[in-house]
>>> print(open('run_26.txt').read())   # compact mmCIF, C-alpha atoms
# COMPACT_ATOMS: atom_id res chain seq x y z
CA MET X 1 251.52 229.93 178.17
CA SER X 2 252.99 229.29 181.61
CA ALA X 3 256.23 231.06 180.72
CA ASP X 4 254.43 234.35 180.16
CA GLY X 5 255.92 237.16 182.13
CA THR X 6 258.54 234.94 183.74
CA GLU X 7 261.70 236.97 184.00
CA GLY X 8 264.80 235.34 182.68
CA ALA X 9 262.85 232.57 180.93
CA ALA X 10 264.20 231.59 177.52
CA PRO X 11 262.37 233.25 174.64
CA ILE X 12 259.66 231.23 172.93
CA GLU X 13 260.86 230.07 169.52
CA ALA X 14 258.08 230.53 167.01
CA ASP X 15 257.46 230.20 163.30
CA ALA X 16 255.06 233.12 163.34
CA VAL X 17 254.01 235.67 165.91
CA ILE X 18 250.74 237.43 165.18
CA VAL X 19 250.25 240.78 166.86
CA GLY X 20 246.51 241.20 167.41
CA ALA X 21 243.73 238.67 167.99
CA GLY X 22 241.02 240.45 166.02
CA PRO X 23 239.25 238.65 163.17
CA ILE X 24 242.17 239.09 160.78
CA GLY X 25 244.76 237.94 163.31
CA LEU X 26 242.58 234.88 163.98
CA PHE X 27 242.10 234.08 160.31
CA SER X 28 245.86 234.46 159.81
CA VAL X 29 246.23 231.51 162.21
CA PHE X 30 244.05 229.52 159.81
CA GLU X 31 245.83 230.46 156.58
CA LEU X 32 249.29 230.02 158.12
CA GLY X 33 248.16 226.76 159.69
CA LEU X 34 247.14 225.30 156.34
CA LEU X 35 250.75 225.87 155.30
CA ASP X 36 252.15 224.20 158.45
CA ILE X 37 253.16 227.47 160.06
CA LYS X 38 252.41 227.47 163.78
CA ALA X 39 251.46 230.76 165.33
CA HIS X 40 251.60 232.53 168.65
CA VAL X 41 249.00 235.28 169.01
CA ILE X 42 249.44 238.28 171.30
CA ASP X 43 246.69 240.74 172.22
CA ILE X 44 246.33 243.51 174.75
CA LEU X 45 242.72 242.56 175.51
CA ASP X 46 242.06 239.66 177.84
CA LYS X 47 239.96 237.92 175.18
CA PRO X 48 240.23 237.24 171.45
CA GLY X 49 238.13 239.16 168.92
CA GLY X 50 239.63 242.66 168.92
CA GLN X 51 237.15 245.38 168.06
CA CYS X 52 234.51 242.75 167.26
CA ALA X 53 234.60 241.57 170.86
CA GLU X 54 235.36 244.85 172.58
CA LEU X 55 233.36 247.44 170.65
CA TYR X 56 230.44 245.60 169.09
CA PRO X 57 230.01 242.05 170.44
CA GLU X 58 226.22 242.28 170.10
CA LYS X 59 226.11 244.30 166.88
CA PRO X 60 225.30 242.65 163.57
CA ILE X 61 227.80 242.43 160.71
CA TYR X 62 226.17 241.99 157.30
CA ASP X 63 229.10 241.78 154.89
CA ILE X 64 230.91 238.57 155.67
CA PRO X 65 230.65 236.54 152.45
CA GLY X 66 228.28 233.61 152.82
CA ILE X 67 227.03 234.70 156.24
CA PRO X 68 224.02 237.00 155.90
CA VAL X 69 224.30 238.24 159.48
CA VAL X 70 226.58 237.56 162.42
CA SER X 71 227.38 239.47 165.61
CA GLY X 72 230.89 240.59 166.47
CA GLN X 73 231.08 237.97 169.20
CA GLY X 74 229.50 235.35 166.93
CA LEU X 75 232.13 235.93 164.27
CA THR X 76 234.87 235.72 166.90
CA ASP X 77 233.48 232.45 168.26
CA SER X 78 233.23 230.97 164.74
CA LEU X 79 236.78 231.97 163.90
CA MET X 80 238.03 230.46 167.17
CA ALA X 81 236.27 227.21 166.25
CA GLN X 82 237.67 227.34 162.72
CA ILE X 83 241.29 227.79 163.86
CA LYS X 84 241.12 225.27 166.68
CA PRO X 85 242.85 222.48 164.70
CA PHE X 86 245.97 224.61 164.37
CA GLY X 87 246.63 224.90 168.09
CA ALA X 88 247.79 228.48 168.17
CA THR X 89 249.05 229.71 171.55
CA PHE X 90 247.38 232.85 172.84
CA HIS X 91 249.15 235.41 174.99
CA LEU X 92 246.37 237.72 176.12
CA GLY X 93 246.37 240.84 178.25
CA GLN X 94 249.80 241.76 176.89
CA ARG X 95 251.04 244.49 174.62
CA VAL X 96 253.97 244.01 172.28
CA ASP X 97 256.38 246.71 173.26
CA ALA X 98 259.53 245.84 171.33
CA LEU X 99 260.19 244.30 167.94
CA GLN X 100 263.72 244.04 166.61
CA LYS X 101 265.54 242.11 163.96
CA THR X 102 268.13 239.60 165.19
CA ASP X 103 271.48 238.88 163.57
CA ASP X 104 270.20 235.66 162.02
CA GLY X 105 267.32 237.45 160.27
CA ARG X 106 264.62 236.48 162.72
CA PHE X 107 262.70 238.83 164.99
CA ARG X 108 262.88 239.39 168.71
CA ILE X 109 259.60 240.38 170.32
CA GLU X 110 258.92 241.38 173.88
CA THR X 111 255.64 242.19 175.61
CA ASP X 112 255.00 244.56 178.49
CA LEU X 113 254.72 241.52 180.75
CA GLY X 114 258.18 240.43 179.70
CA THR X 115 257.15 237.48 177.51
CA ARG X 116 259.78 237.11 174.81
CA PHE X 117 259.70 235.45 171.42
CA ILE X 118 262.08 234.73 168.58
CA ALA X 119 260.04 234.45 165.39
CA LYS X 120 260.78 233.74 161.76
CA VAL X 121 257.93 235.96 160.60
CA VAL X 122 255.80 238.59 162.30
CA VAL X 123 252.25 239.39 161.27
CA VAL X 124 251.01 242.76 162.47
CA ALA X 125 247.22 242.49 162.62
CA ALA X 126 246.81 245.26 165.14
CA GLY X 127 243.71 246.95 163.67
CA GLY X 128 243.42 250.48 165.00
CA GLY X 129 246.29 249.88 167.41
CA SER X 130 246.08 248.79 170.99
CA PHE X 131 243.13 249.42 173.23
CA THR X 132 244.26 251.75 175.97
CA PRO X 133 242.33 253.31 178.87
CA LYS X 134 240.73 256.64 178.11
CA ARG X 135 242.48 259.55 179.74
CA PRO X 136 240.13 262.11 181.27
CA PRO X 137 240.77 265.43 179.50
CA LEU X 138 241.78 267.24 182.68
CA GLY X 139 244.61 269.75 182.38
CA GLY X 140 248.02 268.40 183.36
CA ILE X 141 246.85 264.83 184.05
CA GLU X 142 249.84 263.33 182.20
CA ALA X 143 252.22 264.54 184.92
CA TYR X 144 250.33 262.53 187.55
CA GLU X 145 250.10 259.27 185.62
CA GLY X 146 252.00 256.41 187.17
CA LYS X 147 252.49 258.36 190.42
CA SER X 148 249.03 259.40 191.57
CA VAL X 149 246.78 258.58 188.64
CA PHE X 150 246.41 254.94 187.56
CA TYR X 151 244.22 253.31 184.93
CA SER X 152 244.57 249.83 186.36
CA VAL X 153 245.75 248.33 189.62
CA ARG X 154 248.89 246.28 189.25
CA ARG X 155 249.88 246.41 192.93
CA MET X 156 247.29 246.89 195.65
CA GLU X 157 250.11 248.02 197.96
CA ASP X 158 250.39 251.27 196.01
CA PHE X 159 247.01 252.18 197.47
CA ARG X 160 247.57 251.16 201.08
CA GLY X 161 246.87 253.99 203.51
CA LYS X 162 245.95 256.34 200.66
CA ASP X 163 242.94 258.53 200.07
CA VAL X 164 241.59 257.02 196.89
CA LEU X 165 239.08 258.37 194.39
CA VAL X 166 237.60 255.84 191.98
CA VAL X 167 235.62 257.29 189.07
CA GLY X 168 233.18 255.38 186.88
CA GLY X 169 230.08 253.24 187.00
CA GLY X 170 231.03 249.91 185.45
CA ASP X 171 232.55 246.72 186.76
CA SER X 172 236.13 248.03 186.91
CA ALA X 173 235.11 250.99 189.07
CA LEU X 174 232.97 248.80 191.33
CA ASP X 175 235.47 245.96 191.62
CA TRP X 176 238.29 248.27 192.61
CA THR X 177 236.06 250.14 195.02
CA LEU X 178 235.34 246.84 196.75
CA ASN X 179 238.91 245.54 196.59
CA LEU X 180 240.72 248.70 197.62
CA GLN X 181 238.35 249.83 200.36
CA PRO X 182 239.96 247.57 203.00
CA VAL X 183 243.52 248.79 202.26
CA ALA X 184 242.87 252.46 201.49
CA ARG X 185 242.70 255.08 204.20
CA SER X 186 239.56 256.45 202.59
CA LEU X 187 237.72 255.50 199.46
CA THR X 188 235.41 257.73 197.46
CA LEU X 189 233.48 256.53 194.43
CA LEU X 190 232.43 259.23 191.98
CA HIS X 191 229.96 258.57 189.18
CA ARG X 192 227.91 260.93 187.04
CA ARG X 193 224.57 259.32 187.93
CA ASP X 194 223.20 257.14 190.69
CA GLU X 195 222.88 254.15 188.38
CA PHE X 196 225.62 251.62 187.82
CA ARG X 197 226.31 249.37 184.84
CA GLY X 198 228.27 246.84 186.86
CA ALA X 199 227.17 243.45 188.14
CA PRO X 200 224.13 243.83 190.45
CA HIS X 201 225.94 241.91 193.18
CA SER X 202 228.85 244.39 193.15
CA VAL X 203 226.44 247.33 193.19
CA GLU X 204 224.76 245.84 196.26
CA ARG X 205 228.05 245.32 198.06
CA MET X 206 229.16 248.85 197.22
CA ARG X 207 225.89 250.28 198.54
CA ALA X 208 226.28 248.26 201.71
CA LEU X 209 229.76 249.74 202.27
CA VAL X 210 228.33 253.20 201.67
CA GLY X 211 225.64 252.39 204.27
CA GLU X 212 228.32 251.38 206.77
CA GLY X 213 230.19 254.61 206.12
CA LYS X 214 233.21 252.80 204.70
CA VAL X 215 232.85 254.15 201.16
CA THR X 216 231.75 257.66 200.20
CA LEU X 217 229.57 257.75 197.09
CA LEU X 218 229.38 261.05 195.21
CA ILE X 219 227.24 261.73 192.17
CA GLY X 220 229.01 264.18 189.90
CA GLN X 221 231.92 264.69 187.55
CA MET X 222 235.57 265.67 187.84
CA SER X 223 236.51 269.16 186.70
CA ALA X 224 240.14 269.74 187.72
CA LEU X 225 243.18 268.19 189.36
CA GLN X 226 245.31 269.85 192.01
CA GLY X 227 248.77 268.91 193.08
CA GLU X 228 252.45 269.39 192.42
CA ASP X 229 255.26 267.44 190.76
CA GLY X 230 253.03 264.52 189.88
CA VAL X 231 251.70 264.25 193.41
CA LEU X 232 247.98 264.72 193.58
CA SER X 233 246.50 266.58 196.54
CA ALA X 234 242.89 267.21 195.58
CA ILE X 235 240.33 266.89 192.83
CA ALA X 236 237.63 269.42 192.08
CA VAL X 237 234.32 267.76 191.36
CA LYS X 238 231.04 269.18 190.17
CA LEU X 239 228.16 267.83 192.19
CA LYS X 240 224.47 268.63 191.85
CA ASP X 241 224.68 271.22 194.61
CA GLY X 242 227.85 272.86 193.40
CA GLU X 243 231.58 272.35 193.14
CA ARG X 244 233.61 270.66 195.84
CA ARG X 245 237.25 269.80 196.46
CA ILE X 246 238.06 266.32 197.64
CA GLY X 247 241.45 265.71 199.17
CA VAL X 248 242.88 262.55 197.57
CA ASP X 249 246.29 261.24 196.66
CA ARG X 250 245.24 258.43 194.33
CA LEU X 251 242.90 258.64 191.35
CA LEU X 252 241.58 255.66 189.40
CA PRO X 253 239.50 256.82 186.43
CA PHE X 254 237.56 254.15 184.51
CA PHE X 255 236.13 255.61 181.31
CA GLY X 256 236.53 252.67 178.97
CA LEU X 257 239.07 252.07 176.25
CA THR X 258 240.17 253.84 173.15
CA MET X 259 242.43 252.73 170.31
CA LYS X 260 245.92 254.15 170.09
CA LEU X 261 248.60 253.14 167.61
CA GLY X 262 250.96 252.66 170.55
CA PRO X 263 254.37 251.01 170.30
CA VAL X 264 253.82 249.95 166.64
CA ALA X 265 255.20 253.39 165.81
CA ASP X 266 258.54 252.48 167.43
CA TRP X 267 259.27 249.31 165.48
CA GLY X 268 261.18 251.01 162.69
CA LEU X 269 258.51 250.25 160.07
CA ASN X 270 257.56 252.84 157.48
CA LEU X 271 254.31 254.47 158.51
CA HIS X 272 251.93 256.64 156.56
CA GLU X 273 249.22 258.47 158.51
CA ASN X 274 249.48 255.91 161.32
CA LEU X 275 249.06 253.00 158.92
CA ILE X 276 251.66 250.56 157.66
CA PRO X 277 252.14 250.63 153.88
CA VAL X 278 252.38 247.15 152.33
CA ASP X 279 252.61 245.68 148.86
CA THR X 280 249.54 243.90 147.53
CA GLU X 281 251.27 240.68 146.57
CA LYS X 282 252.66 239.68 149.95
CA PHE X 283 251.25 242.33 152.29
CA GLN X 284 254.78 242.80 153.50
CA THR X 285 255.98 245.95 155.27
CA SER X 286 259.18 247.88 154.63
CA GLU X 287 260.93 245.14 156.66
CA PRO X 288 261.02 241.77 154.87
CA GLY X 289 259.57 239.12 157.15
CA ILE X 290 257.21 241.53 158.86
CA PHE X 291 253.74 241.53 157.33
CA ALA X 292 250.76 243.77 158.06
CA VAL X 293 247.16 242.69 157.45
CA GLY X 294 243.74 244.12 158.23
CA ASP X 295 242.85 247.66 159.28
CA ILE X 296 246.41 248.64 160.18
CA ASN X 297 247.84 248.38 156.66
CA SER X 298 247.47 250.69 153.71
CA TYR X 299 247.81 250.26 149.96
CA PRO X 300 246.16 251.83 146.92
CA GLY X 301 242.45 251.06 147.04
CA LYS X 302 242.50 249.73 150.60
CA LEU X 303 239.10 249.17 152.18
CA LYS X 304 238.90 248.60 155.92
CA LEU X 305 236.66 245.58 155.66
CA ILE X 306 236.96 242.27 157.45
CA LEU X 307 236.62 240.46 154.13
CA SER X 308 239.58 242.38 152.68
CA GLY X 309 241.65 241.39 155.69
CA PHE X 310 240.80 237.71 155.15
CA HIS X 311 242.11 237.94 151.58
CA GLU X 312 245.25 239.70 152.79
CA ALA X 313 245.85 236.93 155.35
CA ALA X 314 245.72 234.27 152.62
CA LEU X 315 248.24 236.01 150.38
CA MET X 316 250.48 236.95 153.31
CA SER X 317 250.67 233.29 154.30
CA GLN X 318 251.99 232.27 150.89
CA ALA X 319 254.83 234.76 151.29
CA ALA X 320 255.44 233.77 154.92
CA TYR X 321 255.81 230.13 153.84
CA ARG X 322 258.78 231.04 151.67
CA ILE X 323 260.52 232.53 154.70
CA VAL X 324 259.62 229.80 157.19
CA TYR X 325 260.40 226.96 154.74
CA PRO X 326 263.02 228.40 152.38
CA GLY X 327 263.57 226.35 149.25
CA LYS X 328 260.54 224.18 149.88
CA LYS X 329 258.01 224.02 147.08
CA LEU X 330 254.55 225.29 147.88
CA LEU X 331 251.74 223.40 146.26
CA PHE X 332 248.48 225.33 145.97
CA GLN X 333 245.59 223.22 147.26
CA TYR X 334 241.89 223.46 148.06
CA THR X 335 240.45 222.46 151.43
CA THR X 336 237.55 220.87 149.55
CA SER X 337 239.67 218.31 147.77
CA SER X 338 243.10 218.09 149.37
CA SER X 339 243.44 215.17 151.73
CA SER X 340 246.56 216.67 153.27
CA LEU X 341 244.76 219.93 154.09
CA GLN X 342 241.82 217.97 155.45
CA LYS X 343 244.17 216.03 157.67
CA LYS X 344 245.51 219.29 159.11
CA LEU X 345 241.93 220.43 159.68
CA GLY X 346 241.19 217.17 161.45
CA VAL X 347 238.29 216.32 159.16
CA SER X 348 239.63 213.35 157.25
CA MET G 1 216.55 267.59 153.67
CA ALA G 2 216.94 268.90 157.19
CA LYS G 3 219.28 271.75 158.03
CA ILE G 4 221.53 270.86 160.95
CA THR G 5 223.77 273.40 162.65
CA PHE G 6 226.87 272.30 164.52
CA ILE G 7 228.34 274.88 166.89
CA GLN G 8 231.97 274.52 167.94
CA PRO G 9 233.08 275.37 171.49
CA ASP G 10 234.51 278.67 170.16
CA GLY G 11 231.11 279.64 168.77
CA THR G 12 231.80 278.89 165.10
CA ALA G 13 228.63 277.55 163.51
CA GLN G 14 228.31 275.34 160.44
CA ALA G 15 224.93 274.62 158.92
CA VAL G 16 224.78 271.54 156.70
CA ASP G 17 222.12 269.49 154.96
CA GLY G 18 221.15 266.30 156.74
CA GLU G 19 219.56 263.51 154.78
CA PRO G 20 216.57 261.92 156.48
CA GLY G 21 217.44 258.37 157.44
CA MET G 22 221.08 259.11 158.16
CA THR G 23 222.21 259.81 161.69
CA VAL G 24 223.38 263.19 162.92
CA MET G 25 226.82 261.59 163.44
CA GLU G 26 226.95 260.41 159.81
CA THR G 27 225.92 263.89 158.71
CA ALA G 28 228.73 265.41 160.77
CA LYS G 29 231.30 262.98 159.38
CA LYS G 30 230.11 263.55 155.81
CA HIS G 31 230.61 267.30 156.20
CA LEU G 32 233.89 266.91 158.10
CA ILE G 33 232.59 268.62 161.23
CA GLU G 34 235.43 268.90 163.70
CA GLY G 35 235.03 267.37 167.13
CA VAL G 36 232.74 264.50 166.16
CA GLU G 37 235.12 261.58 166.20
CA ALA G 38 232.83 258.55 166.17
CA GLU G 39 235.69 256.15 166.75
CA CYS G 40 233.42 253.08 166.75
CA GLY G 41 231.68 254.07 163.53
CA GLY G 42 228.21 254.42 165.02
CA ALA G 43 227.87 251.28 167.10
CA CYS G 44 227.05 253.26 170.27
CA ALA G 45 230.23 251.80 171.71
CA CYS G 46 232.67 254.66 172.27
CA ALA G 47 231.00 257.96 173.27
CA THR G 48 233.21 260.04 170.97
CA CYS G 49 230.27 261.62 169.09
CA HIS G 50 229.01 263.36 172.21
CA VAL G 51 227.03 266.56 171.55
CA TYR G 52 224.80 268.94 173.49
CA VAL G 53 221.38 269.31 171.92
CA ASP G 54 220.08 272.87 171.91
CA GLU G 55 217.39 273.44 174.53
CA ALA G 56 214.74 274.20 171.87
CA TRP G 57 215.29 270.80 170.23
CA ARG G 58 215.60 268.50 173.21
CA GLU G 59 212.01 267.37 173.12
CA ARG G 60 212.13 266.50 169.43
CA THR G 61 215.40 264.60 169.60
CA GLY G 62 214.12 262.63 172.58
CA VAL G 63 215.96 261.08 175.48
CA PRO G 64 218.80 258.56 175.30
CA ALA G 65 217.87 254.89 175.34
CA GLU G 66 219.36 252.78 178.12
CA MET G 67 222.37 251.67 176.06
CA GLU G 68 223.15 255.25 175.08
CA GLU G 69 222.74 256.43 178.68
CA ASP G 70 225.22 253.73 179.73
CA MET G 71 227.66 254.79 177.05
CA LEU G 72 227.37 258.44 178.13
CA ASP G 73 229.20 257.31 181.28
CA PHE G 74 232.29 257.28 179.05
CA ALA G 75 231.83 260.87 177.90
CA PHE G 76 233.31 263.95 179.51
CA GLU G 77 231.22 266.77 180.99
CA VAL G 78 227.89 265.10 180.52
CA ARG G 79 224.89 267.41 180.91
CA PRO G 80 221.13 266.87 180.81
CA GLU G 81 221.19 267.86 177.10
CA SER G 82 223.96 265.37 176.26
CA ARG G 83 223.40 262.88 173.45
CA LEU G 84 225.55 260.60 171.36
CA CYS G 85 224.71 261.89 167.90
CA CYS G 86 225.09 258.45 166.27
CA GLN G 87 221.83 257.69 168.05
CA ILE G 88 219.88 260.64 166.64
CA ARG G 89 218.31 259.90 163.30
CA VAL G 90 217.70 262.81 160.93
CA THR G 91 214.05 263.38 160.04
CA GLU G 92 212.24 266.23 158.28
CA GLU G 93 210.96 267.24 161.74
CA LEU G 94 214.53 267.97 162.79
CA ASP G 95 214.97 270.63 160.08
CA GLY G 96 216.77 273.46 161.89
CA LEU G 97 218.33 271.27 164.61
CA VAL G 98 221.14 272.89 166.56
CA VAL G 99 223.77 270.86 168.42
CA ARG G 100 226.89 271.99 170.25
CA ILE G 101 230.19 270.16 170.17
CA PRO G 102 231.76 269.70 173.61
CA GLU G 103 235.11 271.19 174.48
CA LYS G 104 236.65 267.75 174.70
CA GLN G 105 235.67 264.39 173.31
CA PHE G 106 238.01 262.27 175.51
>>> encode(input="run_26.txt", output="structure tokens")
Amino acid sequence: MSADGTEGAAPIEADAVIVGAGPIGLFSVFELGLLDIKAHVIDILDKPGGQCAELYPEKPIYDIPGIPVVSGQGLTDSLMAQIKPFGATFHLGQRVDALQKTDDGRFRIETDLGTRFIAKVVVVAAGGGSFTPKRPPLGGIEAYEGKSVFYSVRRMEDFRGKDVLVVGGGDSALDWTLNLQPVARSLTLLHRRDEFRGAPHSVERMRALVGEGKVTLLIGQMSALQGEDGVLSAIAVKLKDGERRIGVDRLLPFFGLTMKLGPVADWGLNLHENLIPVDTEKFQTSEPGIFAVGDINSYPGKLKLILSGFHEAALMSQAAYRIVYPGKKLLFQYTTSSSSLQKKLGVS
Amino acid sequence: MAKITFIQPDGTAQAVDGEPGMTVMETAKKHLIEGVEAECGGACACATCHVYVDEAWRERTGVPAEMEEDMLDFAFEVRPESRLCCQIRVTEELDGLVVRIPEKQF
């Protein structure tokens, strides 16, 4: 994983690249692994589990066969344990931006961090798409993005000497309030209520800075942006005692994540209503060698269930084997009785 | 059955039958009410089923639990009458409930 994001580094040669580390992406590691196909897994989140880990880690799931009840995080943890023998490499916190076919029939993949792969097969297990920061529905905000409005901090220097408004009440908002306060010219934290979801320690530190007059805390909500040509000059906020304009040139809104199809739409695959049509024998897309499993695919009778995705991963792997090991015979075996499968699982 | 009226930002009202036991969000989805997105499917994890409960009904629908209050941080234009409608369960007592859909759901 050390090569991730290193410019000019040679691409990673892979049997399979799995796009998405949700439950179906993880189980794909297992099914491919049983067939000796090693996988690299890429996900935009900084942890495996996809929606299970991001949206409902504590919530119960009742329809995983053989498991009466398991939480989203519990299922993720179990899958991670189950796929451990196959030594997949995870590339987290990265979004696959480009996917192209090479002249030799393989696929070139590049992430937004610049990690590159050459893969024999690609498995798109991207669920509802990539998790992206929610954009406050303020008129004209798009024009400011990347210049004055940021949803994450990649370079602290962009905030040096600036009048910064951080909005939100969770750990991201608090962490960046604390980290940017020393470099910013002024820092204002805006939240809709005087209660914060973030770590108690961060809340304490923030309140201390407010006490010292180094951070301004406002309780209210944004209502409009003001500025020109992508350069922000002020933000109108509604406070308890009325509306106020705050002069700022940097805005960092933290309102959680939402799912967007994202770059998947640019990969030249046939799409139907933001889903990728596949056949139900191989779960292959319109591009041979690129498969789609889980919530992101569509076919007659499709149900967006984790258990359906598991089945799709198993069949997809059979088809992937024929591409990764052309001409080699594939013997169907059971994990219960096959000593060769048990050896791969590390149990014999 | 409990009659539930959803009012769009432009004033259009739709009255539908809510089944006791279901949530107001599920009722909205079942009747294809615009503006109730419920991206997370009712896990109280996304704040895209944000509604404003009519003043007359606020007492009967109750106040948000802590988790819902936290999740309301992710909604836009939150007001005292804001609720995530996946957290309001339909009961016979809510027959006649009126909720307003916000201008924007994020």
>>> closest_residue(input="run_26.txt", among="G:Ser82, G:Thr5, G:Gln105, G:Gln87", to="chain X", atoms="all atoms listed in the file")
G:Gln105
>>> residues_around(input="run_26.txt", residues="Gly11 in chain G", least_positions_apart="5", cutoff="10 Å", atoms="only C-alpha atoms", output="list of chain:residue names")
G:Phe6, G:Arg100, G:Ile101
>>> closest_residue(input="run_26.txt", among="G:Glu66, G:Glu59, G:Asp17, G:Asp10", to="Val90 in chain G", atoms="only C-alpha atoms")
G:Asp17
>>> residues_around(input="run_26.txt", residues="range 324-334 of chain X", least_positions_apart="2", cutoff="9 Å", atoms="all atoms listed in the file", output="PyMOL selection string")
chain X and resi 15-16+35+37+120-121+318+320-322+336-338+340-341
>>> closest_residue(input="run_26.txt", among="G:Val78, G:Met22, G:Ala56, G:Val36", to="Gln8 in chain G", atoms="all atoms listed in the file")
G:Val36
>>> atom_distance(input="run_26.txt", atom1="CA of Ile64 in chain X", atom2="CA of Cys40 in chain G")
18.4 Å
>>> atom_distance(input="run_26.txt", atom1="CA of Gly87 in chain X", atom2="CA of Val17 in chain X")
13.2 Å
